[in-house]
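For reference, the structure discussed in these notes is given below.
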Amino acid sequence: MEPTKREKIERGMNRHVSFYRANPHRFAIDYFGMKWLAPFQQQLLDEICENTYSMVIASRGMGKSMIVAAAICVKCVLYPGLIVTVAAGVRSQSTNLLGKIADKFMPDSPNLRNEIAVCKVTPSEAFIRFKNGSVVRVVTARDSARSERTNWMIADEFVQIKKDTLDSVLRKFKAGERRRFSLIRSTKITLKNATARLISAPPTLSGIIAGPNSNPTSSQW
């Protein structure tokens with residue numbers, strides 16, 4: 001039986017999404033146009049996206065913030081509904097990554113601009129909301145951040161965060177209820193809007209620590 005147009009679209013998206021989730025650096029280059037990524041930076045981006053725990057220790061000028069900011073963009077698009085929280089000892093440091101996305105990536109990437117619904121980076125309020133439901137927000141690593149919830153925790157300049165705060169506050173961040181996204185559940189699909197939808201949401205993640213049945217993701221550098 002000849003597959004319908006809908007089935008062809010779903011199969012094509014499934015192949016592309018699977019490939020890019022397995023090769024995050026290719027998505028950054030092919031879709032976002034991040035051709036500035038050097039081979040070692042591509043490898044590091046893949047490690048950050050694929051591993052549960054990542055710690056980046058490198059000298060100044062190695063592009064640590066740029067690589068992590070690229071990883072944020074890649075995961076937020078490939079995994080709809082992802083909640084990313086960037087924590088740092090001071091708020092100005094935690095907004096640095098969002099500034100990289102807003103000031104360096106978005107002007108050079110029409111596809112990235114199209115994926116983002118709202119981008120606001122100010123000293124008092126900083127967040128990026130993607131059209132697929134993913135959100136990137138910042139918190140200051142202190143007791144007032146206890147109410148936050150996240151899927152992916154990023155600790156910027158983590159050596160400046162007190163261990164007590166890391167253990168009692170940041171490690172307690174846990175993901176909310178798992179949500180699924182599926183093309184199969186859609187009642188109507190067209191070639192125009194198909195590219196904005198992905199096959200499924202990310203697996204349930206739980207901040208920095210693992211529960212009995214959880215799959216945590218965190219990054220520190």
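Identifiers in this document derive from the order of the structure tokens: chains are assigned A, B, ..., residues are numbered from 1 separately in each chain, and ligands are numbered from 1 in order of occurrence.
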
Exercise. How would you write, as a ChimeraX atom specification, the set of residues in region 3-188 of chain A that DSSP gives as alpha helix (DSSP H)?
Worked result: /A:5-22,24-30,39-50,64-78,91-94,96-100,110-115,163-168

List as a Markdown table every residue of region 85-120 of chain A that is in contact with region 13-28 of chain A, defined as an atom at most 12 Å from one of its atoms (using only C-alpha atoms), together with the nearest atom pair and the distance in Å rounded to one decimal, sorted by chain and then rising number.
```
| residue | atom | partner | partner_atom | distance |
| --- | --- | --- | --- | --- |
| A:Phe105 | CA | A:Ala28 | CA | 10.6 |
| A:Ser109 | CA | A:Ala28 | CA | 10.3 |
| A:Asn111 | CA | A:Ala28 | CA | 10.6 |
| A:Leu112 | CA | A:Ala28 | CA | 9.9 |
```

Each region 58-81 of chain A residue no farther than 10 Å from region 115-131 of chain A, nearest pair in Å, only C-alpha atoms, as a Markdown table:
```
| residue | atom | partner | partner_atom | distance |
| --- | --- | --- | --- | --- |
| A:Cys73 | CA | A:Phe130 | CA | 9.4 |
| A:Cys76 | CA | A:Phe130 | CA | 7.4 |
| A:Val77 | CA | A:Glu115 | CA | 7.3 |
| A:Pro80 | CA | A:Phe130 | CA | 8.6 |
| A:Gly81 | CA | A:Phe130 | CA | 8.7 |
```

Residues as selected, N, CA and C atoms, written as a compact mmCIF listing (two decimals), in the first residue's frame, can you do that?
```txt
# COMPACT_ATOMS: atom_id res chain seq x y z
N CYS A 73 20.77 25.66 22.67
CA CYS A 73 19.92 25.85 21.50
C CYS A 73 19.57 24.51 20.85
N CYS A 76 17.13 22.42 23.13
CA CYS A 76 15.80 23.03 23.25
C CYS A 76 14.97 22.83 22.00
N VAL A 77 15.61 22.76 20.83
CA VAL A 77 14.86 22.54 19.60
C VAL A 77 14.59 21.06 19.36
N PRO A 80 11.31 19.05 22.52
CA PRO A 80 10.25 20.00 22.88
C PRO A 80 9.88 19.92 24.36
N GLY A 81 9.58 21.07 24.93
CA GLY A 81 9.15 21.12 26.32
C GLY A 81 10.27 21.05 27.33
```

Exercise. Of the residues A:Met62, A:Ile29, A:Ala70, A:Ala87, which is the one nearest to Glu148 (chain A), using only C-alpha atoms?
Worked result: A:Ala87

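Of note, CA of Asp46 (chain A) and CA of Asp103 (chain A) are spaced 23.1 Å apart.
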
Seminar exercise, completed: Pairwise distance, CA of Val138 (chain A) with CA of Thr95 (chain A), equals 6.4 Å

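Across the structure, CA of Arg113 (chain A) and CA of Ile101 (chain A) are spaced 9.9 Å apart.
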
For this session: Excluding Ala69 (chain A) and any residue of its chain fewer than 3 positions from it, enumerate the residues within 9 Å of it, using only C-alpha atoms, and give them as a ChimeraX atom specification.
Result: /A:64-66,72-74,97-98,100-101,105

Can I get the selected residues back with N, CA, C and O atoms, as a JSON list (two decimals), in the first residue's frame?
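So the final result, stored in part-v8.json, reads:
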```json
[["chain", "number", "residue", "atom", "x", "y", "z"],
["A", 64, "LYS", "N", 34.23, 28.18, 25.94],
["A", 64, "LYS", "CA", 33.37, 27.35, 26.81],
["A", 64, "LYS", "C", 31.93, 27.83, 26.79],
["A", 64, "LYS", "O", 31.00, 27.03, 26.59],
["A", 65, "SER", "N", 31.74, 29.11, 27.00],
["A", 65, "SER", "CA", 30.37, 29.65, 27.05],
["A", 65, "SER", "C", 29.67, 29.52, 25.71],
["A", 65, "SER", "O", 28.47, 29.21, 25.65],
["A", 66, "MET", "N", 30.39, 29.72, 24.62],
["A", 66, "MET", "CA", 29.80, 29.61, 23.30],
["A", 66, "MET", "C", 29.34, 28.17, 23.04],
["A", 66, "MET", "O", 28.26, 27.94, 22.48],
["A", 72, "ILE", "N", 22.62, 24.43, 24.42],
["A", 72, "ILE", "CA", 21.29, 24.81, 24.89],
["A", 72, "ILE", "C", 20.33, 24.95, 23.71],
["A", 72, "ILE", "O", 19.21, 24.43, 23.73],
["A", 73, "CYS", "N", 20.77, 25.66, 22.67],
["A", 73, "CYS", "CA", 19.92, 25.85, 21.50],
["A", 73, "CYS", "C", 19.57, 24.51, 20.85],
["A", 73, "CYS", "O", 18.42, 24.28, 20.47],
["A", 74, "VAL", "N", 20.57, 23.65, 20.72],
["A", 74, "VAL", "CA", 20.35, 22.35, 20.07],
["A", 74, "VAL", "C", 19.35, 21.51, 20.85],
["A", 74, "VAL", "O", 18.38, 20.98, 20.28],
["A", 97, "LEU", "N", 25.14, 33.41, 29.37],
["A", 97, "LEU", "CA", 24.85, 32.43, 28.32],
["A", 97, "LEU", "C", 23.68, 32.88, 27.44],
["A", 97, "LEU", "O", 23.71, 32.73, 26.22],
["A", 98, "LEU", "N", 22.64, 33.42, 28.06],
["A", 98, "LEU", "CA", 21.51, 33.89, 27.29],
["A", 98, "LEU", "C", 21.91, 35.07, 26.40],
["A", 98, "LEU", "O", 21.39, 35.24, 25.30],
["A", 100, "LYS", "N", 24.81, 35.38, 24.99],
["A", 100, "LYS", "CA", 25.48, 34.80, 23.82],
["A", 100, "LYS", "C", 24.46, 34.40, 22.76],
["A", 100, "LYS", "O", 24.65, 34.63, 21.57],
["A", 101, "ILE", "N", 23.37, 33.78, 23.21],
["A", 101, "ILE", "CA", 22.34, 33.34, 22.26],
["A", 101, "ILE", "C", 21.68, 34.53, 21.59],
["A", 101, "ILE", "O", 21.49, 34.55, 20.36],
["A", 105, "PHE", "N", 24.26, 34.46, 18.41],
["A", 105, "PHE", "CA", 23.69, 33.39, 17.59],
["A", 105, "PHE", "C", 22.48, 33.85, 16.77],
["A", 105, "PHE", "O", 22.39, 33.57, 15.57]]
```
